[in-house]
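J.: Please see the structure below; I have some questions.
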Amino acid sequence: MEIKNLSNEKLGESYRQIRHPSGLTILVLCKPDYVCTHAIFAAKYGSIDTMIEENGTMREIPHGTAHFLEHKLFESEDLDAFERFAKTGAEANAFTSFDRTAYIFTCTDNFKQNLEILLDFVQSPYFTEETVKKEQGIIGQEIRMYKDAAGWEVLFNLLGALYHKHPVKVDIAGTEESIAEITAETLYSCYNNFYSLGNMVLAVAGNAAYEDVLEVADKAIKAAAGSPARREFVREPAAPVSGYAEKRLPVKIPKFMIGFKEDIKTPERSLKEVVCVEIIHDVIAGKSSPLYRRLLDEGLVSSGFSSEYFSGFGFACSLFGGDSRDPENAARVIRDETKKYKKSGIGQKEFERARRRLYGRLVMMFNDVEEIAQNLVDSHLNGDSLFDEADICSSLTLDDVNEKLKDILCAERSSLSVILPLEGE
Amino acid sequence: MSEIKQIKIADGVDACFVVTDRFKTSKVLVTMAMPLEGDVSARAALPFVLRRSCRKYPDFSSLNGYLDELYGASLQAGVEKLGEAHLVKMGISVIGDRFTLDGESVAERAVELLFDLIFDPKLENGIFDPSDVEIEKRLLAERMVSELDDKRVYAVSRCQELMCEGEAFGKNRYGELSEIESLTPKRVFDAWRGVLKSAVIRVVVAGDSDTDKIEKMLSDKFSEIERSPSAISTSFIKSARGERYFSEEQPVKQGKLVMGFRAGMESKDDYRTAMTVMSDIFGGGTYSRLFLNVREKMSLCYYCGSRLNREKGIMIVQSGIETENEEKMKTAILEQLDALRAGDFTKETLEASMLSINETLRAYGDSPDALCSWYSAQLLDEVIKTPDERAAEFNAVTFDEVCGAAKEVTLDTVFMLIGTEGNSDGN
């Protein structure tokens with residue numbers, strides 16, 4: 001067993017990274033003066049994983065399978081996971097994102113028992129045709145709920161306009177048609193392909209002793225390691241599918257999102273690139289930026305206007321959006337401003353200000369055990385350590401940022417997605 | 001659990017300090033309560049107008065630049081309903097001085113900034129700046145409309161509005177759209193004066209702060225204000241006078257069913273912990289009757305939950321369903337309530353609920369935000385309770401008390417948002 005201690009003196013935090021003999025990576029950050037502990041058991045398997053490897057060839061699986069599997073893993077032959085957690089008082093949940101599935105709990109008591117339940121149920125698949133059928137009704141309602149949610153639709157319509165074939169454009173839960181194709185057999189195949197311990201990570205943050213985590217892990221971890229599942233790098237054309245996507249929904253105020261697709265040559269972005277883009281976004285569109293001021297003064301956006309660097313395996317784009325009475329003009333002003341910055345570059349003062357703000361946000365993250373555990377998982381899956389972002393943030397130079405600015409925010413690779421009110425409203 | 005120190009600052013104004021060095025940040029939250037009446041929209045606009053500028057930082061962008069300098073200190077502004085009290089909230093979170101890169105002091109400057117925004121706004125000709133008010137007026141209207149564009153929020157809000165028609169609680173916390181659109185700098189300014197003079201005010205400070213200094217700053221601010229705090233109360237209706245049904249059609253895929261119940265309370269003092277447990281067993285966690293039956297067994301929905309509002313004595317059940325399943329769902333929900341009344345649930349479920357509530361309450365201590373919300377929500381109560389003290393009260397709840405609480409609940413109003421884009425065809 002390999003154990004590594006990592007610490008950051010300024011933040012007064014440290015954690016251990018354990019390479020368990022089973023192949024599972026375990027990350028533990030202790031906060032003995034906290035009451036809660038948050039644990040995450042995650043598989044590197046999300047909605048973008050639409051193919052599985054069988055006998056050396058890749059086979060397509062129905063959209064929404066990762067999410068479906070997440071729902072079904074809570075069930076077992078006897079007591080389901082929720083019934084077991086009901087006896088300990090822990091709050092348990094799970095979620096599926098573009099690139100992972102995570103099973104979580106938060107507790108103040110009975111930590112060891114809770115961890116044992118978590119490790120056990122995620123390692124004990126039990127699917128039957130009958131229980132799969134039943135879940136199709138529940139997830140069908142979840143899908144329909146999102147279809148009515150303008151904030152969700154505006155994002156997926158944009159991804160559909162930006163991406164030709166990358167599965168990031170597919171709704172995480174799939175469609176009612178695609179989930180109808182899922183069978184117990186599909187779930188077992190996907191489980192075996194993606195839930196090997198080498199493709200998973202366990203992160204614990206809060207009032208839990210490191211020894212307790214190891215003791216439970218030694219007892220509850222069943223299988224031997226498999227290798228990480230294969231992910232294909234789906235190369236995208238540099239240009240978007242279309243520059244504009246529009247949909248009408250029964251809303252009173254339009255929503256918009258503009259995305260600038262990045263032409264990437266490698267599937268993953270380094271943490272340094274991510275930090276650079278976060279700083280660029282903050283300088284261009286943050287609360288103290290001239291752009292934000294102008295959009296507000298001219299009545300082009302509402303208070304929820306925000307930006308995001310949306311990146312993962314095989315995709316990367318800069319997103320800006322919110323509510324707007326006049327999405328086309330809001331998008332025009334944003335495009336103009338990004339053009340201006342790409343020409344002039346970012347100034348030293350703006351850079352320092354944004355960097356300070358980012359640093360403050362990183363410090364704040366260490367208040368919250370859930371966020372810490374989440375970040376432990378993120379950093380591990382990206383091959384970084386938890387403290388790398390703070391280190392990069394302090395050592396970054398203006399040149400780094402202006403160099404990255406050249407790759408992103410190209411107007412010719414941008415698309416605008418809008419949700420408009422129904423006609424006649 | 002951290003200790004709490006409560007200090008009276010002025011008539012109807014107090015400060016609660018939760019001093020601890022466990023956190024990386026400190027947070028100060030100022031909550032100002034008024035009766036939910038009068039110029040609600042002006043009061044709703046107030047925290048957002050105040051958040052824009054102050055005499056010292058008269059420009060919106062330079063104020064935000066100053067926040068960046070304070071390592072991204074984040075300002076919070078908002079309004080809420082607490083029973084029939086209208087809460088105006090403003091707060092700030094900032095990292096502790098020991099975490100700054102060059103050891104500079106930021107925490108105290110952040111608190112000063114918050115107090116400057118609240119007590120020393122930028123004025124033009126003795127009232128608020130018309131251009132600031134104009135922008136915030138638009139943003140407030142858009143915030144209100146955008147929130148109601150979320151069909152789940154809309155359906156619950158509509159049900160409460162219909163159920164509590166003629167009661168102050170029926171009002172939206174932002175007031176009426178027409179009242180917002182007609183706002184003037186003078187009205188918002190008057191709301192500011194009204195709040196400083198008449199609101200019941202609590203300042204909660206959580207983190208590693210210099211409490212003496214904050215106390216002194218507050219005392220100085222309030223020594224210049226002539227105070228006359230309002231009496232704030234909430235009207236309760238013990239039982240429904242009958243069941244009312246409303247529906248509305250919208251071209252959405254999923255229908256929303258909302259059922260509003262009266263919880264059998266005659267006043268705020270009438271509250272018993274068993275009601276919270278009853279609502280939780282009914283539709284709280286994953287061990288609840290609604291989750292296990294209407295979702296897991298009947299596959300009728302993705303979500304169906306109940307929530308008790310003890311400050312108003314009502315309980316709201318909400319779910320997203322196929323419109324054609326409305327009757328089936330309503331019947332199933334009421335059957336589950338009947339089961340609670342008849343004592344048709346297990347001791348294990350009761351224990352699961354009590355454990356879960358206990359865990360949730362104890363978790364408050366781990367977050368400065370949660371602690372600030374916790375103590376500010378008690379600003380109209382005689383005695384302050386810590387989350388641990390509240391948790392201890394739940395240990396005494398009995399099975400019979402839960403059945404009893406379920407028997408007191410009566411259905412008042414049903415609101416159905418009918419989805420006309422139902423069935424799986426089309427997109």
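Chain labels follow the order of the structure tokens: the first chain is A, the next B, and so on; residue numbering restarts at 1 in every chain, and ligands are counted from 1 in their shown order.
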DSSP on the backbone: which residues in region 95-140 of chain A end up as strand (DSSP E or B)? Give the answer as a list of chain:residue names.

T.: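 Those residues are A:Phe95, A:Thr96, A:Thr101, A:Ala102, A:Tyr103, A:Ile104, A:Phe105, A:Thr106, A:Cys107.
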
J.: Taking only C-alpha atoms into account, find every residue of chain B that has an atom no more than 7 Å from chain A, and write it out as a count of residues only.

T.: 40

J.: Would you pick out the contacts of region 344-350 of chain B at 12 Å or less, using only C-alpha atoms, so that residues sharing its chain but fewer than 4 positions from it are not included, and give the list as a PyMOL selection string?

T.: (chain A and resi 82-89) or (chain B and resi 274+276-289+292+335-340+354-357+394-403+406)

J.: May I have the residues within 10 Å of region 111-116 of chain B as JSON, numbers by chain, using only C-alpha atoms and disregarding those fewer than 4 positions away in the same chain?

T.: {"B": [26, 27, 28, 29, 30, 50, 51, 53, 54, 55, 56, 57, 63, 66, 67, 75, 76, 90, 91, 92, 93, 94, 106, 107, 120, 121, 122, 205, 209, 214, 217, 218, 221]}

J.: One number please: CA of Phe105 (chain A) to CA of Glu371 (chain A), in Å, one decimal.

T.: 12.7 Å

J.: Need the shell around Asp412 (chain B): protein/DNA/RNA residues with any atom at most 7 Å away, counting only C-alpha atoms. Skip same-chain ones fewer than 4 positions apart. Format as number ranges by chain?

T.: B: 163, 240, 242-244, 260-262

J.: Return the single residue from B:Arg143, B:Arg98, B:Arg158, B:Arg173 that is closest to Phe415 (chain B), with distances computed using only C-alpha atoms.

T.: B:Arg158

J.: Hey, what does DSSP flag as alpha helix (DSSP H) within region 168-260 of chain A? Can you give it to me as a list in words?

T.: Glu176, Glu177, Ser178, Ile179, Ala180, Ala184, Glu185, Thr186, Leu187, Tyr188, Ser189, Cys190, Tyr191, Asn192, Asn193, Phe194, Tyr210, Glu211, Asp212, Val213, Leu214, Glu215, Val216, Ala217, Asp218, Lys219 and Ala220 of chain A

J.: Need to verify the contact set: Ala94 (chain A), 7 Å, only C-alpha atoms, exclusion of same-chain residues closer than 6 positions in sequence. Can you return it as an mmCIF file with N, CA, C and O atoms, in the first residue's frame?

T.:
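File produced: out-v2.cif:
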```cif
data_model
loop_
_atom_site.group_PDB
_atom_site.id
_atom_site.type_symbol
_atom_site.label_atom_id
_atom_site.label_comp_id
_atom_site.auth_asym_id
_atom_site.auth_seq_id
_atom_site.Cartn_x
_atom_site.Cartn_y
_atom_site.Cartn_z
ATOM 1 N N GLU A 70 -26.984 4.538 -12.087
ATOM 2 C CA GLU A 70 -26.875 5.224 -10.790
ATOM 3 C C GLU A 70 -28.162 5.026 -9.976
ATOM 4 O O GLU A 70 -28.134 4.678 -8.797
ATOM 5 N N ALA A 102 -21.303 9.645 -9.058
ATOM 6 C CA ALA A 102 -20.830 9.742 -7.683
ATOM 7 C C ALA A 102 -21.918 9.347 -6.703
ATOM 8 O O ALA A 102 -23.075 9.737 -6.851
ATOM 9 N N TYR A 103 -21.529 8.546 -5.722
ATOM 10 C CA TYR A 103 -22.433 8.114 -4.649
ATOM 11 C C TYR A 103 -21.932 8.761 -3.374
ATOM 12 O O TYR A 103 -20.731 8.684 -3.078
ATOM 13 N N ILE A 104 -22.827 9.432 -2.663
ATOM 14 C CA ILE A 104 -22.347 10.255 -1.547
ATOM 15 C C ILE A 104 -23.179 10.055 -0.285
ATOM 16 O O ILE A 104 -24.328 9.640 -0.339
#
```

J.: May I have the residues within 9 Å of Phe74 (chain A) as a PyMOL selection string, using only C-alpha atoms and disregarding those fewer than 5 positions away in the same chain?

T.: chain A and resi 80-82+121-122+125-126

J.: Residues of the last selection are to be written out with all heavy atoms, as a PDB file, in the first residue's frame.

T.:
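This is the output file selection_6.pdb:
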```pdb
ATOM      1  N   ASP A  80     -32.599  -2.275   0.381  1.00  0.00           N
ATOM      2  CA  ASP A  80     -31.922  -1.363  -0.525  1.00  0.00           C
ATOM      3  C   ASP A  80     -31.112  -0.336   0.271  1.00  0.00           C
ATOM      4  O   ASP A  80     -31.232  -0.226   1.498  1.00  0.00           O
ATOM      5  CB  ASP A  80     -32.891  -0.730  -1.530  1.00  0.00           C
ATOM      6  CG  ASP A  80     -33.766   0.349  -0.946  1.00  0.00           C
ATOM      7  OD1 ASP A  80     -33.340   1.038   0.002  1.00  0.00           O
ATOM      8  OD2 ASP A  80     -34.889   0.524  -1.458  1.00  0.00           O
ATOM      9  N   ALA A  81     -30.249   0.391  -0.433  1.00  0.00           N
ATOM     10  CA  ALA A  81     -29.296   1.267   0.247  1.00  0.00           C
ATOM     11  C   ALA A  81     -29.998   2.333   1.094  1.00  0.00           C
ATOM     12  O   ALA A  81     -29.556   2.652   2.197  1.00  0.00           O
ATOM     13  CB  ALA A  81     -28.386   1.928  -0.780  1.00  0.00           C
ATOM     14  N   PHE A  82     -31.102   2.884   0.587  1.00  0.00           N
ATOM     15  CA  PHE A  82     -31.802   3.918   1.364  1.00  0.00           C
ATOM     16  C   PHE A  82     -32.325   3.344   2.684  1.00  0.00           C
ATOM     17  O   PHE A  82     -32.290   4.017   3.704  1.00  0.00           O
ATOM     18  CB  PHE A  82     -32.954   4.508   0.549  1.00  0.00           C
ATOM     19  CG  PHE A  82     -32.493   5.492  -0.493  1.00  0.00           C
ATOM     20  CD1 PHE A  82     -32.952   5.418  -1.800  1.00  0.00           C
ATOM     21  CD2 PHE A  82     -31.608   6.518  -0.149  1.00  0.00           C
ATOM     22  CE1 PHE A  82     -32.537   6.337  -2.758  1.00  0.00           C
ATOM     23  CE2 PHE A  82     -31.188   7.439  -1.101  1.00  0.00           C
ATOM     24  CZ  PHE A  82     -31.649   7.350  -2.414  1.00  0.00           C
ATOM     25  N   PHE A 121     -22.911  -1.227  -1.174  1.00  0.00           N
ATOM     26  CA  PHE A 121     -23.991  -1.223  -2.163  1.00  0.00           C
ATOM     27  C   PHE A 121     -23.487  -0.861  -3.557  1.00  0.00           C
ATOM     28  O   PHE A 121     -24.000  -1.362  -4.552  1.00  0.00           O
ATOM     29  CB  PHE A 121     -25.176  -0.346  -1.697  1.00  0.00           C
ATOM     30  CG  PHE A 121     -25.151   1.111  -2.065  1.00  0.00           C
ATOM     31  CD1 PHE A 121     -25.566   1.529  -3.335  1.00  0.00           C
ATOM     32  CD2 PHE A 121     -24.777   2.079  -1.143  1.00  0.00           C
ATOM     33  CE1 PHE A 121     -25.588   2.881  -3.667  1.00  0.00           C
ATOM     34  CE2 PHE A 121     -24.790   3.414  -1.474  1.00  0.00           C
ATOM     35  CZ  PHE A 121     -25.196   3.821  -2.744  1.00  0.00           C
ATOM     36  N   VAL A 122     -22.458  -0.024  -3.623  1.00  0.00           N
ATOM     37  CA  VAL A 122     -21.935   0.325  -4.944  1.00  0.00           C
ATOM     38  C   VAL A 122     -21.227  -0.881  -5.575  1.00  0.00           C
ATOM     39  O   VAL A 122     -21.160  -1.016  -6.789  1.00  0.00           O
ATOM     40  CB  VAL A 122     -21.008   1.564  -4.858  1.00  0.00           C
ATOM     41  CG1 VAL A 122     -20.362   1.856  -6.203  1.00  0.00           C
ATOM     42  CG2 VAL A 122     -21.792   2.790  -4.382  1.00  0.00           C
ATOM     43  N   PRO A 125     -24.117  -4.937  -7.513  1.00  0.00           N
ATOM     44  CA  PRO A 125     -25.181  -4.669  -8.491  1.00  0.00           C
ATOM     45  C   PRO A 125     -26.267  -5.730  -8.409  1.00  0.00           C
ATOM     46  O   PRO A 125     -25.968  -6.909  -8.204  1.00  0.00           O
ATOM     47  CB  PRO A 125     -24.434  -4.743  -9.831  1.00  0.00           C
ATOM     48  CG  PRO A 125     -23.253  -5.602  -9.572  1.00  0.00           C
ATOM     49  CD  PRO A 125     -22.861  -5.377  -8.145  1.00  0.00           C
ATOM     50  N   TYR A 126     -27.493  -5.307  -8.548  1.00  0.00           N
ATOM     51  CA  TYR A 126     -28.602  -6.246  -8.588  1.00  0.00           C
ATOM     52  C   TYR A 126     -29.696  -5.651  -9.479  1.00  0.00           C
ATOM     53  O   TYR A 126     -30.368  -4.691  -9.097  1.00  0.00           O
ATOM     54  CB  TYR A 126     -29.143  -6.514  -7.175  1.00  0.00           C
ATOM     55  CG  TYR A 126     -30.404  -7.351  -7.177  1.00  0.00           C
ATOM     56  CD1 TYR A 126     -30.359  -8.717  -7.459  1.00  0.00           C
ATOM     57  CD2 TYR A 126     -31.645  -6.764  -6.921  1.00  0.00           C
ATOM     58  CE1 TYR A 126     -31.519  -9.475  -7.493  1.00  0.00           C
ATOM     59  CE2 TYR A 126     -32.823  -7.528  -6.943  1.00  0.00           C
ATOM     60  CZ  TYR A 126     -32.749  -8.873  -7.234  1.00  0.00           C
ATOM     61  OH  TYR A 126     -33.890  -9.622  -7.267  1.00  0.00           O
TER      62      TYR A 126
END
```
